[in-house]
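Shown here: protein-v7.cif, mmCIF, C-alpha atoms.
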```cif
data_upload
#
loop_
_atom_site.label_atom_id
_atom_site.label_comp_id
_atom_site.auth_asym_id
_atom_site.auth_seq_id
_atom_site.Cartn_x
_atom_site.Cartn_y
_atom_site.Cartn_z
CA MET A 1 0.00 0.00 0.00
CA THR A 2 1.28 3.46 -0.82
CA PRO A 3 0.97 5.93 2.02
CA ASN A 4 -1.56 8.69 1.54
CA PRO A 5 0.04 12.00 2.53
CA ALA A 6 -3.25 13.92 2.52
CA ARG A 7 -4.82 11.44 4.90
CA ARG A 8 -1.74 11.45 7.14
CA SER A 9 -1.86 15.24 7.20
CA GLU A 10 -5.50 15.21 8.20
CA ARG A 11 -4.76 12.67 10.96
CA SER A 12 -2.01 14.93 12.30
CA ARG A 13 -4.25 17.98 12.17
CA ILE A 14 -6.96 16.21 14.17
CA ALA A 15 -4.42 14.88 16.67
CA ILE A 16 -3.00 18.38 17.17
CA LEU A 17 -6.40 19.97 17.73
CA ALA A 18 -7.40 17.23 20.17
CA ALA A 19 -4.09 17.53 22.04
CA ALA A 20 -4.50 21.31 22.30
CA LEU A 21 -7.97 20.97 23.83
CA GLU A 22 -6.83 18.32 26.30
CA LEU A 23 -3.79 20.30 27.38
CA VAL A 24 -5.49 23.66 27.79
CA ARG A 25 -7.94 21.90 30.07
CA GLU A 26 -5.18 20.10 32.00
CA VAL A 27 -2.54 22.81 32.46
CA GLY A 28 -4.38 26.05 31.70
CA TYR A 29 -3.70 28.42 28.86
CA GLY A 30 -0.86 30.36 30.47
CA LYS A 31 1.29 27.22 30.82
CA LEU A 32 0.28 25.73 27.47
CA THR A 33 3.15 25.48 24.97
CA VAL A 34 3.35 24.51 21.31
CA GLU A 35 6.04 21.99 22.33
CA ALA A 36 3.64 20.22 24.68
CA ILE A 37 0.90 20.13 22.04
CA ALA A 38 3.35 18.62 19.55
CA ALA A 39 4.53 16.00 22.03
CA ARG A 40 0.99 14.97 22.97
CA ALA A 41 -0.07 14.82 19.31
CA GLY A 42 3.03 12.83 18.34
CA VAL A 43 4.18 15.35 15.73
CA GLY A 44 7.12 17.71 15.43
CA LYS A 45 6.80 21.30 16.61
CA GLN A 46 7.54 22.46 13.07
CA THR A 47 4.45 20.60 11.83
CA ILE A 48 2.33 22.81 14.04
CA TYR A 49 4.10 25.99 12.97
CA ARG A 50 3.61 25.02 9.32
CA TRP A 51 -0.16 25.29 9.82
CA TRP A 52 -0.62 27.76 12.69
CA PRO A 53 1.36 30.86 13.66
CA SER A 54 0.78 30.54 17.43
CA LYS A 55 -0.83 28.54 20.20
CA ALA A 56 -3.71 31.04 20.08
CA ALA A 57 -4.39 30.07 16.46
CA VAL A 58 -4.34 26.35 17.33
CA ILE A 59 -6.80 26.85 20.18
CA PHE A 60 -9.05 28.96 17.98
CA ASP A 61 -9.29 26.19 15.35
CA ALA A 62 -9.61 23.50 18.02
CA PHE A 63 -12.47 25.43 19.59
CA LEU A 64 -14.27 25.91 16.26
CA GLN A 65 -13.87 22.24 15.40
CA HIS A 66 -14.89 20.97 18.86
CA ASN A 67 -18.09 22.99 18.79
CA GLN A 68 -18.67 22.55 15.10
CA THR A 69 -19.29 26.29 15.32
CA PRO A 70 -21.76 27.13 12.58
CA ALA A 71 -21.10 30.01 10.21
CA ALA A 72 -23.21 33.15 9.98
CA GLY A 73 -26.65 32.29 8.68
CA GLU A 74 -26.34 28.66 9.81
CA VAL A 75 -27.42 29.14 13.41
CA VAL A 76 -31.10 28.33 13.78
CA LEU A 77 -32.87 29.03 17.04
CA PRO A 78 -36.11 27.44 18.17
CA ASP A 79 -39.20 29.44 17.29
CA THR A 80 -42.19 27.81 18.95
CA GLY A 81 -44.02 31.13 19.13
CA ASP A 82 -43.34 31.28 22.89
CA PHE A 83 -40.48 33.77 23.00
CA ALA A 84 -39.71 33.35 26.72
CA ALA A 85 -39.59 29.56 26.47
CA ASP A 86 -37.41 29.69 23.37
CA MET A 87 -34.94 32.05 25.01
CA ARG A 88 -34.81 29.91 28.13
CA LEU A 89 -33.77 26.97 25.94
CA VAL A 90 -31.02 29.03 24.31
CA LEU A 91 -29.77 30.32 27.66
CA HIS A 92 -29.79 26.85 29.21
CA ALA A 93 -27.73 25.55 26.29
CA THR A 94 -25.28 28.41 26.82
CA VAL A 95 -25.03 27.70 30.54
CA ALA A 96 -24.42 24.01 29.81
CA GLU A 97 -21.63 24.86 27.33
CA PHE A 98 -19.98 27.28 29.74
CA ASN A 99 -20.02 24.61 32.44
CA ASP A 100 -18.51 21.98 30.13
CA PRO A 101 -14.81 21.80 31.12
CA THR A 102 -13.46 21.29 27.59
CA PHE A 103 -15.55 24.06 26.08
CA ALA A 104 -14.88 26.34 29.01
CA SER A 105 -11.10 26.02 29.14
CA ALA A 106 -10.73 26.66 25.41
CA TYR A 107 -13.23 29.51 25.40
CA ARG A 108 -11.58 31.13 28.43
CA ALA A 109 -8.26 30.89 26.58
CA LEU A 110 -9.74 32.67 23.57
CA ASN A 111 -11.32 35.32 25.73
CA THR A 112 -7.89 35.82 27.27
CA ASP A 113 -6.19 36.27 23.93
CA VAL A 114 -8.66 38.75 22.54
CA GLN A 115 -7.78 41.19 25.35
CA ASP A 116 -4.34 41.64 23.85
CA ASP A 117 -5.10 40.96 20.23
CA PRO A 118 -7.72 43.10 18.48
CA GLU A 119 -7.29 41.08 15.27
CA LEU A 120 -8.20 37.82 17.01
CA ALA A 121 -11.03 39.71 18.71
CA GLU A 122 -12.40 40.57 15.29
CA GLN A 123 -12.15 36.95 14.13
CA MET A 124 -13.80 35.74 17.33
CA LEU A 125 -16.57 38.26 16.84
CA ALA A 126 -17.05 37.25 13.21
CA ARG A 127 -16.79 33.47 13.59
CA VAL A 128 -17.97 32.71 17.13
CA LEU A 129 -20.14 35.51 18.48
CA LYS A 130 -21.80 37.10 15.45
CA PRO A 131 -23.49 33.97 14.04
CA THR A 132 -25.26 33.42 17.36
CA LEU A 133 -25.90 37.09 18.06
CA GLU A 134 -27.46 37.47 14.63
CA ALA A 135 -29.67 34.42 15.06
CA VAL A 136 -30.76 35.70 18.47
CA GLY A 137 -31.39 39.12 16.93
CA GLU A 138 -33.57 37.47 14.29
CA ARG A 139 -35.56 35.68 17.00
CA PHE A 140 -35.92 38.99 18.86
CA ARG A 141 -37.24 40.69 15.73
CA ALA A 142 -39.85 37.94 15.32
CA ALA A 143 -40.87 38.45 18.96
CA GLN A 144 -41.14 42.20 18.40
CA ARG A 145 -43.32 41.63 15.32
CA ALA A 146 -45.49 39.30 17.41
CA GLY A 147 -45.87 41.98 20.09
CA GLN A 148 -43.92 39.98 22.72
CA ILE A 149 -41.31 42.74 22.81
CA ALA A 150 -42.63 46.30 22.67
CA GLY A 151 -41.85 48.40 19.61
CA GLY A 152 -39.66 50.91 21.44
CA VAL A 153 -37.02 48.40 22.55
CA ASP A 154 -33.59 48.67 20.87
CA LEU A 155 -33.00 45.03 19.98
CA GLU A 156 -29.25 45.34 19.48
CA VAL A 157 -28.97 46.52 23.07
CA ALA A 158 -31.46 43.90 24.21
CA VAL A 159 -29.38 40.99 22.86
CA GLU A 160 -26.27 42.17 24.71
CA ALA A 161 -28.31 42.92 27.82
CA LEU A 162 -29.38 39.27 27.84
CA PHE A 163 -26.03 37.60 27.13
CA GLY A 164 -23.85 40.15 28.96
CA PRO A 165 -24.79 39.00 32.48
CA ILE A 166 -24.16 35.35 31.51
CA TYR A 167 -20.64 36.11 30.26
CA TYR A 168 -20.04 38.47 33.18
CA ARG A 169 -20.72 35.88 35.87
CA TRP A 170 -18.73 33.26 33.97
CA LEU A 171 -15.69 35.38 33.06
CA LEU A 172 -15.45 37.26 36.34
CA ARG A 173 -16.43 34.26 38.45
CA THR A 174 -18.68 36.33 40.70
CA ALA A 175 -20.79 33.24 41.48
CA PRO A 176 -21.59 29.86 39.92
CA LEU A 177 -23.31 30.16 36.54
CA THR A 178 -26.64 28.34 36.85
CA THR A 179 -29.80 28.06 34.78
CA GLY A 180 -31.66 29.68 37.69
CA TYR A 181 -29.52 32.78 37.34
CA ALA A 182 -30.04 32.86 33.56
CA ASP A 183 -33.79 32.53 34.02
CA ALA A 184 -33.83 35.39 36.53
CA VAL A 185 -31.89 37.69 34.18
CA LEU A 186 -34.29 36.84 31.35
CA GLU A 187 -37.30 37.45 33.59
CA GLN A 188 -36.11 40.94 34.63
CA LEU A 189 -35.43 41.89 31.01
CA LEU A 190 -38.65 40.38 29.63
CA ARG A 191 -40.73 42.48 31.98
CA GLY A 192 -38.84 45.57 30.84
CA TRP A 193 -39.19 44.74 27.17
CA GLN A 194 -42.93 44.26 27.61
CA ALA A 195 -43.32 47.47 29.63
CA TYR A 196 -42.33 49.88 26.86
CA ARG A 197 -45.12 52.01 25.54
CA PRO A 198 -44.72 53.63 22.13
CA MET B 199 23.35 62.95 54.51
CA THR B 200 22.77 59.30 55.30
CA PRO B 201 20.67 57.44 52.76
CA ASN B 202 17.22 56.37 53.91
CA PRO B 203 16.63 52.74 52.85
CA ALA B 204 12.89 52.84 53.58
CA ARG B 205 12.43 55.90 51.39
CA ARG B 206 14.58 54.39 48.63
CA SER B 207 12.50 51.24 48.82
CA GLU B 208 9.29 53.20 48.51
CA ARG B 209 10.69 55.12 45.52
CA SER B 210 11.58 51.83 43.82
CA ARG B 211 8.17 50.39 44.53
CA ILE B 212 6.45 53.40 42.98
CA ALA B 213 8.78 53.34 39.97
CA ILE B 214 8.07 49.63 39.42
CA LEU B 215 4.29 50.06 39.58
CA ALA B 216 4.42 53.05 37.22
CA ALA B 217 6.69 51.18 34.79
CA ALA B 218 4.34 48.18 34.82
CA LEU B 219 1.34 50.33 33.94
CA GLU B 220 3.20 52.13 31.15
CA LEU B 221 4.51 48.93 29.65
CA VAL B 222 1.29 46.96 29.73
CA ARG B 223 -0.29 49.85 27.84
CA GLU B 224 2.59 50.05 25.34
CA VAL B 225 3.33 46.39 24.55
CA GLY B 226 0.24 44.53 25.80
CA TYR B 227 0.11 42.02 28.59
CA GLY B 228 1.20 38.98 26.59
CA LYS B 229 4.54 40.56 25.70
CA LEU B 230 5.10 42.18 29.11
CA THR B 231 8.09 40.78 31.02
CA VAL B 232 9.43 41.33 34.51
CA GLU B 233 12.82 42.16 32.88
CA ALA B 234 11.26 45.01 30.91
CA ILE B 235 9.51 46.38 34.01
CA ALA B 236 12.81 46.27 35.92
CA ALA B 237 14.70 48.03 33.13
CA ARG B 238 12.08 50.78 32.81
CA ALA B 239 11.97 51.28 36.58
CA GLY B 240 15.75 51.32 36.86
CA VAL B 241 15.89 48.44 39.33
CA GLY B 242 17.19 44.90 39.22
CA LYS B 243 14.86 42.06 38.32
CA GLN B 244 15.53 40.51 41.73
CA THR B 245 14.13 43.63 43.41
CA ILE B 246 10.80 42.93 41.73
CA TYR B 247 10.84 39.25 42.64
CA ARG B 248 11.61 40.16 46.24
CA TRP B 249 8.22 41.91 46.46
CA TRP B 250 6.04 40.17 43.87
CA PRO B 251 5.90 36.54 42.72
CA SER B 252 4.88 37.30 39.11
CA LYS B 253 4.05 39.99 36.59
CA ALA B 254 0.39 39.35 37.36
CA ALA B 255 0.98 40.33 40.98
CA VAL B 256 2.79 43.53 39.92
CA ILE B 257 -0.05 44.52 37.60
CA PHE B 258 -2.62 43.78 40.30
CA ASP B 259 -0.89 46.13 42.77
CA ALA B 260 -0.28 48.73 40.07
CA PHE B 261 -3.94 48.64 39.17
CA LEU B 262 -5.08 48.99 42.79
CA GLN B 263 -2.68 51.88 43.37
CA HIS B 264 -3.52 53.66 40.10
CA ASN B 265 -7.23 53.59 40.87
CA GLN B 266 -6.79 54.05 44.59
CA THR B 267 -9.28 51.20 44.69
CA PRO B 268 -11.29 51.60 47.88
CA ALA B 269 -11.77 48.69 50.23
CA ALA B 270 -15.11 47.07 51.01
CA GLY B 271 -17.32 49.53 52.88
CA GLU B 272 -15.39 52.52 51.52
CA VAL B 273 -17.23 52.88 48.21
CA VAL B 274 -19.94 55.49 48.49
CA LEU B 275 -22.39 55.96 45.65
CA PRO B 276 -24.48 59.06 45.05
CA ASP B 277 -27.93 58.91 46.59
CA THR B 278 -29.89 61.94 45.43
CA GLY B 279 -33.17 60.05 45.76
CA ASP B 280 -33.38 59.78 41.95
CA PHE B 281 -32.30 56.18 41.45
CA ALA B 282 -32.13 56.32 37.64
CA ALA B 283 -30.02 59.48 37.66
CA ASP B 284 -27.69 58.07 40.32
CA MET B 285 -27.15 54.87 38.36
CA ARG B 286 -26.52 56.80 35.16
CA LEU B 287 -23.73 58.65 36.98
CA VAL B 288 -22.19 55.38 38.18
CA LEU B 289 -22.42 53.81 34.72
CA HIS B 290 -20.93 56.86 33.02
CA ALA B 291 -18.00 56.76 35.43
CA THR B 292 -17.55 53.07 34.61
CA VAL B 293 -17.65 53.74 30.87
CA ALA B 294 -15.10 56.54 31.27
CA GLU B 295 -12.76 54.25 33.23
CA PHE B 296 -13.06 51.45 30.69
CA ASN B 297 -12.22 53.88 27.91
CA ASP B 298 -9.17 55.24 29.76
CA PRO B 299 -6.17 53.53 28.09
CA THR B 300 -4.12 53.10 31.27
CA PHE B 301 -7.02 51.73 33.29
CA ALA B 302 -8.17 49.59 30.40
CA SER B 303 -4.87 47.92 29.56
CA ALA B 304 -4.22 46.98 33.18
CA TYR B 305 -7.79 45.84 33.81
CA ARG B 306 -7.80 43.75 30.62
CA ALA B 307 -4.55 42.15 31.81
CA LEU B 308 -6.15 41.24 35.13
CA ASN B 309 -9.26 39.91 33.44
CA THR B 310 -6.93 37.79 31.34
CA ASP B 311 -5.12 36.36 34.31
CA VAL B 312 -8.21 35.44 36.26
CA GLN B 313 -9.25 33.05 33.47
CA ASP B 314 -6.32 30.80 34.34
CA ASP B 315 -5.94 31.59 38.00
CA PRO B 316 -8.94 31.03 40.29
CA GLU B 317 -6.93 32.36 43.26
CA LEU B 318 -6.32 35.70 41.55
CA ALA B 319 -9.98 35.66 40.49
CA GLU B 320 -10.93 35.45 44.16
CA GLN B 321 -8.63 38.34 45.06
CA MET B 322 -9.99 40.41 42.16
CA LEU B 323 -13.50 39.66 43.30
CA ALA B 324 -12.71 40.57 46.91
CA ARG B 325 -10.61 43.68 46.29
CA VAL B 326 -11.87 45.13 43.01
CA LEU B 327 -15.38 43.93 42.21
CA LYS B 328 -17.03 43.26 45.57
CA PRO B 329 -16.56 46.72 47.11
CA THR B 330 -18.35 48.29 44.15
CA LEU B 331 -20.93 45.53 43.76
CA GLU B 332 -21.79 45.83 47.44
CA ALA B 333 -22.13 49.59 47.27
CA VAL B 334 -24.34 49.25 44.20
CA GLY B 335 -26.36 46.58 46.00
CA GLU B 336 -26.83 48.98 48.93
CA ARG B 337 -28.09 51.69 46.54
CA PHE B 338 -30.44 49.13 44.95
CA ARG B 339 -31.85 48.20 48.36
CA ALA B 340 -32.50 51.89 49.09
CA ALA B 341 -34.31 52.17 45.74
CA GLN B 342 -36.37 49.08 46.55
CA ARG B 343 -37.32 50.53 49.95
CA ALA B 344 -38.31 53.76 48.16
CA GLY B 345 -40.53 51.82 45.75
CA GLN B 346 -38.36 52.63 42.70
CA ILE B 347 -37.61 48.93 42.27
CA ALA B 348 -40.52 46.56 42.82
CA GLY B 349 -40.42 44.22 45.79
CA GLY B 350 -40.19 41.03 43.76
CA VAL B 351 -36.90 41.86 42.04
CA ASP B 352 -33.86 39.76 43.06
CA LEU B 353 -31.33 42.52 43.63
CA GLU B 354 -28.27 40.28 43.43
CA VAL B 355 -29.30 39.31 39.92
CA ALA B 356 -30.23 42.91 39.12
CA VAL B 357 -26.75 44.23 39.91
CA GLU B 358 -25.10 41.72 37.58
CA ALA B 359 -27.77 42.30 34.95
CA LEU B 360 -26.78 45.97 34.94
CA PHE B 361 -22.98 45.62 34.93
CA GLY B 362 -22.82 42.43 32.85
CA PRO B 363 -23.65 44.07 29.52
CA ILE B 364 -21.06 46.81 30.15
CA TYR B 365 -18.30 44.27 30.76
CA TYR B 366 -19.55 42.10 27.90
CA ARG B 367 -19.27 44.80 25.26
CA TRP B 368 -15.91 45.93 26.62
CA LEU B 369 -14.30 42.49 27.06
CA LEU B 370 -15.67 40.92 23.89
CA ARG B 371 -15.34 44.11 21.84
CA THR B 372 -18.71 43.62 20.16
CA ALA B 373 -19.02 47.39 19.63
CA PRO B 374 -17.64 50.60 21.15
CA LEU B 375 -18.61 51.06 24.80
CA THR B 376 -20.50 54.37 25.02
CA THR B 377 -22.61 56.13 27.63
CA GLY B 378 -25.54 55.87 25.19
CA TYR B 379 -25.31 52.08 25.31
CA ALA B 380 -25.06 52.09 29.11
CA ASP B 381 -28.12 54.35 29.35
CA ALA B 382 -30.08 52.05 27.02
CA VAL B 383 -29.22 48.96 29.10
CA LEU B 384 -30.27 50.79 32.28
CA GLU B 385 -33.51 51.92 30.66
CA GLN B 386 -34.52 48.38 29.61
CA LEU B 387 -33.77 47.04 33.08
CA LEU B 388 -35.42 49.92 34.96
CA ARG B 389 -38.69 49.30 33.15
CA GLY B 390 -38.48 45.64 34.07
CA TRP B 391 -37.67 46.35 37.70
CA GLN B 392 -40.64 48.69 37.94
CA ALA B 393 -43.00 46.26 36.20
CA TYR B 394 -42.91 43.53 38.87
CA ARG B 395 -46.10 43.08 40.80
CA PRO B 396 -45.99 41.33 44.17
#
```
What's the structure tokens form of this structure?
Amino acid sequence: MTPNPARRSERSRIAILAAALELVREVGYGKLTVEAIAARAGVGKQTIYRWWPSKAAVIFDAFLQHNQTPAAGEVVLPDTGDFAADMRLVLHATVAEFNDPTFASAYRALNTDVQDDPELAEQMLARVLKPTLEAVGERFRAAQRAGQIAGGVDLEVAVEALFGPIYYRWLLRTAPLTTGYADAVLEQLLRGWQAYRP
Amino acid sequence: MTPNPARRSERSRIAILAAALELVREVGYGKLTVEAIAARAGVGKQTIYRWWPSKAAVIFDAFLQHNQTPAAGEVVLPDTGDFAADMRLVLHATVAEFNDPTFASAYRALNTDVQDDPELAEQMLARVLKPTLEAVGERFRAAQRAGQIAGGVDLEVAVEALFGPIYYRWLLRTAPLTTGYADAVLEQLLRGWQAYRP
């Protein structure tokens, strides 16, 4: 049998991404090195640098692959007609992701990097945040058309007002992130969104 | 004149903290080294390590000193009786701080470190976040007693619901952090807080 270089390449790529996710979870992002990823994946360090410029880039791809992060336009949210129930589902899924150790360690690493790296921040925004924010915005617009959110509410602000407190508690570790907390945030906002009068 | 070692020590300490703040702003936290701080401050690297275990610890102290961060119980918020106006003032001050380059670069660095370091996260919570959160909570309780926030509102959730979206936009760089955005978040929440019926 002749070896298949393309398949071997793909095997290495997958091994590297898996090793990166395991290691960031085990040792934390600060102590993560490209050397350690290479050793765990059974490849040379130069193989990694051929494909990625930095450990940040490896983690970014590993994160996208792990979550099978959908592209813009591909995120579809539930629309049962019950806006509150649909948003609770979305929030509960977010809380579950944030409490998943593999997701969380990689996503914390990315949120670390974007503080120093406006270019990565833009990529994160475009490839991770925007697809979801836009789908949520679409669901909000449907709710506004259905009269479940009053006409005067600025929906761009509303979306960040809903997800902001979730990220805040998770990133700043003010308290455990629970579905009960997410429900309470949604409840306070829902009442406000309904209370607007044109 | 005999030299005064205590005074010389204090001068070094101040020079180190100032150098750390300048450098984190100039080169970013990822590229910041203890060597560079020492060189800028005109001290030996070992002087820094005598007082601080890591660059994170230097930045933490520099941040506290720069902001003269008050301890728990020392934060006093305006209470004019007009809850909305008082909170707008607090939010505008927060937005101004977050848009100040020296404050922002150091605070981003700390928010980076806490992702990997639950112990630092606890210290940040205790020394930076809690004093303000508690003072805001106190102001919220006064507003609830005055009937400006309905009785059914969970104030612990409310405080994070208000500050979460500010941190979210700033940390994730979804859009520029402006006072207009802060006012809009407050407005949506205020209507919700008033809409509760016991």
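Going from atom CA of B:Tyr365 over to atom CA of A:Val159, you cover 14.0 Å.
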For the structure shown, which residues end up in the PyMOL selection byres ((chain A and resi 83) around 12)? Put them as a PDB file with C-alpha atoms, in the frame of the given file, please?
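Produced file expr-v1.pdb, reproduced below:
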```pdb
ATOM      1  CA  LEU A  77     -32.870  29.030  17.040  1.00  0.00           C
ATOM      2  CA  PRO A  78     -36.110  27.440  18.170  1.00  0.00           C
ATOM      3  CA  ASP A  79     -39.200  29.440  17.290  1.00  0.00           C
ATOM      4  CA  THR A  80     -42.190  27.810  18.950  1.00  0.00           C
ATOM      5  CA  GLY A  81     -44.020  31.130  19.130  1.00  0.00           C
ATOM      6  CA  ASP A  82     -43.340  31.280  22.890  1.00  0.00           C
ATOM      7  CA  ALA A  84     -39.710  33.350  26.720  1.00  0.00           C
ATOM      8  CA  ALA A  85     -39.590  29.560  26.470  1.00  0.00           C
ATOM      9  CA  ASP A  86     -37.410  29.690  23.370  1.00  0.00           C
ATOM     10  CA  MET A  87     -34.940  32.050  25.010  1.00  0.00           C
ATOM     11  CA  ARG A  88     -34.810  29.910  28.130  1.00  0.00           C
ATOM     12  CA  LEU A  89     -33.770  26.970  25.940  1.00  0.00           C
ATOM     13  CA  VAL A  90     -31.020  29.030  24.310  1.00  0.00           C
ATOM     14  CA  VAL A 136     -30.760  35.700  18.470  1.00  0.00           C
ATOM     15  CA  GLU A 138     -33.570  37.470  14.290  1.00  0.00           C
ATOM     16  CA  ARG A 139     -35.560  35.680  17.000  1.00  0.00           C
ATOM     17  CA  PHE A 140     -35.920  38.990  18.860  1.00  0.00           C
ATOM     18  CA  ARG A 141     -37.240  40.690  15.730  1.00  0.00           C
ATOM     19  CA  ALA A 142     -39.850  37.940  15.320  1.00  0.00           C
ATOM     20  CA  ALA A 143     -40.870  38.450  18.960  1.00  0.00           C
ATOM     21  CA  GLN A 144     -41.140  42.200  18.400  1.00  0.00           C
ATOM     22  CA  ARG A 145     -43.320  41.630  15.320  1.00  0.00           C
ATOM     23  CA  ALA A 146     -45.490  39.300  17.410  1.00  0.00           C
ATOM     24  CA  GLY A 147     -45.870  41.980  20.090  1.00  0.00           C
ATOM     25  CA  GLN A 148     -43.920  39.980  22.720  1.00  0.00           C
ATOM     26  CA  ILE A 149     -41.310  42.740  22.810  1.00  0.00           C
ATOM     27  CA  LEU A 186     -34.290  36.840  31.350  1.00  0.00           C
ATOM     28  CA  GLU A 187     -37.300  37.450  33.590  1.00  0.00           C
ATOM     29  CA  LEU A 190     -38.650  40.380  29.630  1.00  0.00           C
ATOM     30  CA  TRP A 193     -39.190  44.740  27.170  1.00  0.00           C
ATOM     31  CA  GLN A 194     -42.930  44.260  27.610  1.00  0.00           C
TER      32      GLN A 194
END
```
Next item on the list: Starting from chain B, keep only residues with some atom at most 7 Å from an atom of chain A, counting only C-alpha atoms, and report them as a ChimeraX atom specification.
Entry: /B:226-228,306,310,313-314,319,323,355,358-359,362-363,365-366,369,371-372,382-383,386-391,393
Keeping C-alpha atoms, export the residues of the selection given above as a PDB file, keeping the file's coordinate frame.
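Generated file (out_13.pdb):
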```pdb
ATOM      1  CA  GLY B 226       0.240  44.530  25.800  1.00  0.00           C
ATOM      2  CA  TYR B 227       0.110  42.020  28.590  1.00  0.00           C
ATOM      3  CA  GLY B 228       1.200  38.980  26.590  1.00  0.00           C
ATOM      4  CA  ARG B 306      -7.800  43.750  30.620  1.00  0.00           C
ATOM      5  CA  THR B 310      -6.930  37.790  31.340  1.00  0.00           C
ATOM      6  CA  GLN B 313      -9.250  33.050  33.470  1.00  0.00           C
ATOM      7  CA  ASP B 314      -6.320  30.800  34.340  1.00  0.00           C
ATOM      8  CA  ALA B 319      -9.980  35.660  40.490  1.00  0.00           C
ATOM      9  CA  LEU B 323     -13.500  39.660  43.300  1.00  0.00           C
ATOM     10  CA  VAL B 355     -29.300  39.310  39.920  1.00  0.00           C
ATOM     11  CA  GLU B 358     -25.100  41.720  37.580  1.00  0.00           C
ATOM     12  CA  ALA B 359     -27.770  42.300  34.950  1.00  0.00           C
ATOM     13  CA  GLY B 362     -22.820  42.430  32.850  1.00  0.00           C
ATOM     14  CA  PRO B 363     -23.650  44.070  29.520  1.00  0.00           C
ATOM     15  CA  TYR B 365     -18.300  44.270  30.760  1.00  0.00           C
ATOM     16  CA  TYR B 366     -19.550  42.100  27.900  1.00  0.00           C
ATOM     17  CA  LEU B 369     -14.300  42.490  27.060  1.00  0.00           C
ATOM     18  CA  ARG B 371     -15.340  44.110  21.840  1.00  0.00           C
ATOM     19  CA  THR B 372     -18.710  43.620  20.160  1.00  0.00           C
ATOM     20  CA  ALA B 382     -30.080  52.050  27.020  1.00  0.00           C
ATOM     21  CA  VAL B 383     -29.220  48.960  29.100  1.00  0.00           C
ATOM     22  CA  GLN B 386     -34.520  48.380  29.610  1.00  0.00           C
ATOM     23  CA  LEU B 387     -33.770  47.040  33.080  1.00  0.00           C
ATOM     24  CA  LEU B 388     -35.420  49.920  34.960  1.00  0.00           C
ATOM     25  CA  ARG B 389     -38.690  49.300  33.150  1.00  0.00           C
ATOM     26  CA  GLY B 390     -38.480  45.640  34.070  1.00  0.00           C
ATOM     27  CA  TRP B 391     -37.670  46.350  37.700  1.00  0.00           C
ATOM     28  CA  ALA B 393     -43.000  46.260  36.200  1.00  0.00           C
TER      29      ALA B 393
END
```
Item checked: Exercise: B:Ala255 partners within 12 Å, all atoms listed in the file, chain neighbours under 4 positions left out, as an MDAnalysis selection string -> chainID B and resid 214:215 218 232 246:251 259:262 304 307:308 311:312 315 317:319 321:322
Do a neighbour search on B:Gly240 at 9 Å with all atoms listed in the file, toss out local chain neighbours closer than 5 positions, and write the hits as a CSV table (one decimal) with C-alpha atoms, keeping the file's coordinate frame.
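Here's the written file out25.csv:
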```
chain,number,residue,atom,x,y,z
B,210,SER,CA,11.6,51.8,43.8
B,213,ALA,CA,8.8,53.3,40.0
B,214,ILE,CA,8.1,49.6,39.4
B,235,ILE,CA,9.5,46.4,34.0
```
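In this structure, atom CA of B:Asn297 sits 22.2 Å away from atom CA of B:Ala333.
The coordinates place atom CA of A:His66 at 16.3 Å from atom CA of A:Pro131.
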Note to self: Need to verify the contact set: B:Val293, 7 Å, only C-alpha atoms, exclusion of same-chain residues closer than 5 positions in sequence. Can you return it as a VMD selection string?
What the structure shows: chain B and resid 375 to 377
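Between A:Thr33 and the candidates A:Leu155, A:Ala56, A:Ala18, A:Ala150, the tightest atom-to-atom separation, counting all atoms listed in the file, involves A:Ala56.
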Using only C-alpha atoms and a cutoff of 6 Å, can you tell me which residues are near (-22.8, 32.5, 12.6) in the file's coordinates, and write them out as a short mmCIF file (atom, residue, chain, number, x, y, z; two decimals) with C-alpha atoms, in the frame of the given file?
```
data_model
loop_
_atom_site.label_atom_id
_atom_site.label_comp_id
_atom_site.auth_asym_id
_atom_site.auth_seq_id
_atom_site.Cartn_x
_atom_site.Cartn_y
_atom_site.Cartn_z
CA PRO A 70 -21.76 27.13 12.58
CA ALA A 71 -21.10 30.01 10.21
CA ALA A 72 -23.21 33.15 9.98
CA GLY A 73 -26.65 32.29 8.68
CA GLU A 74 -26.34 28.66 9.81
CA VAL A 75 -27.42 29.14 13.41
CA LYS A 130 -21.80 37.10 15.45
CA PRO A 131 -23.49 33.97 14.04
CA THR A 132 -25.26 33.42 17.36
#
```
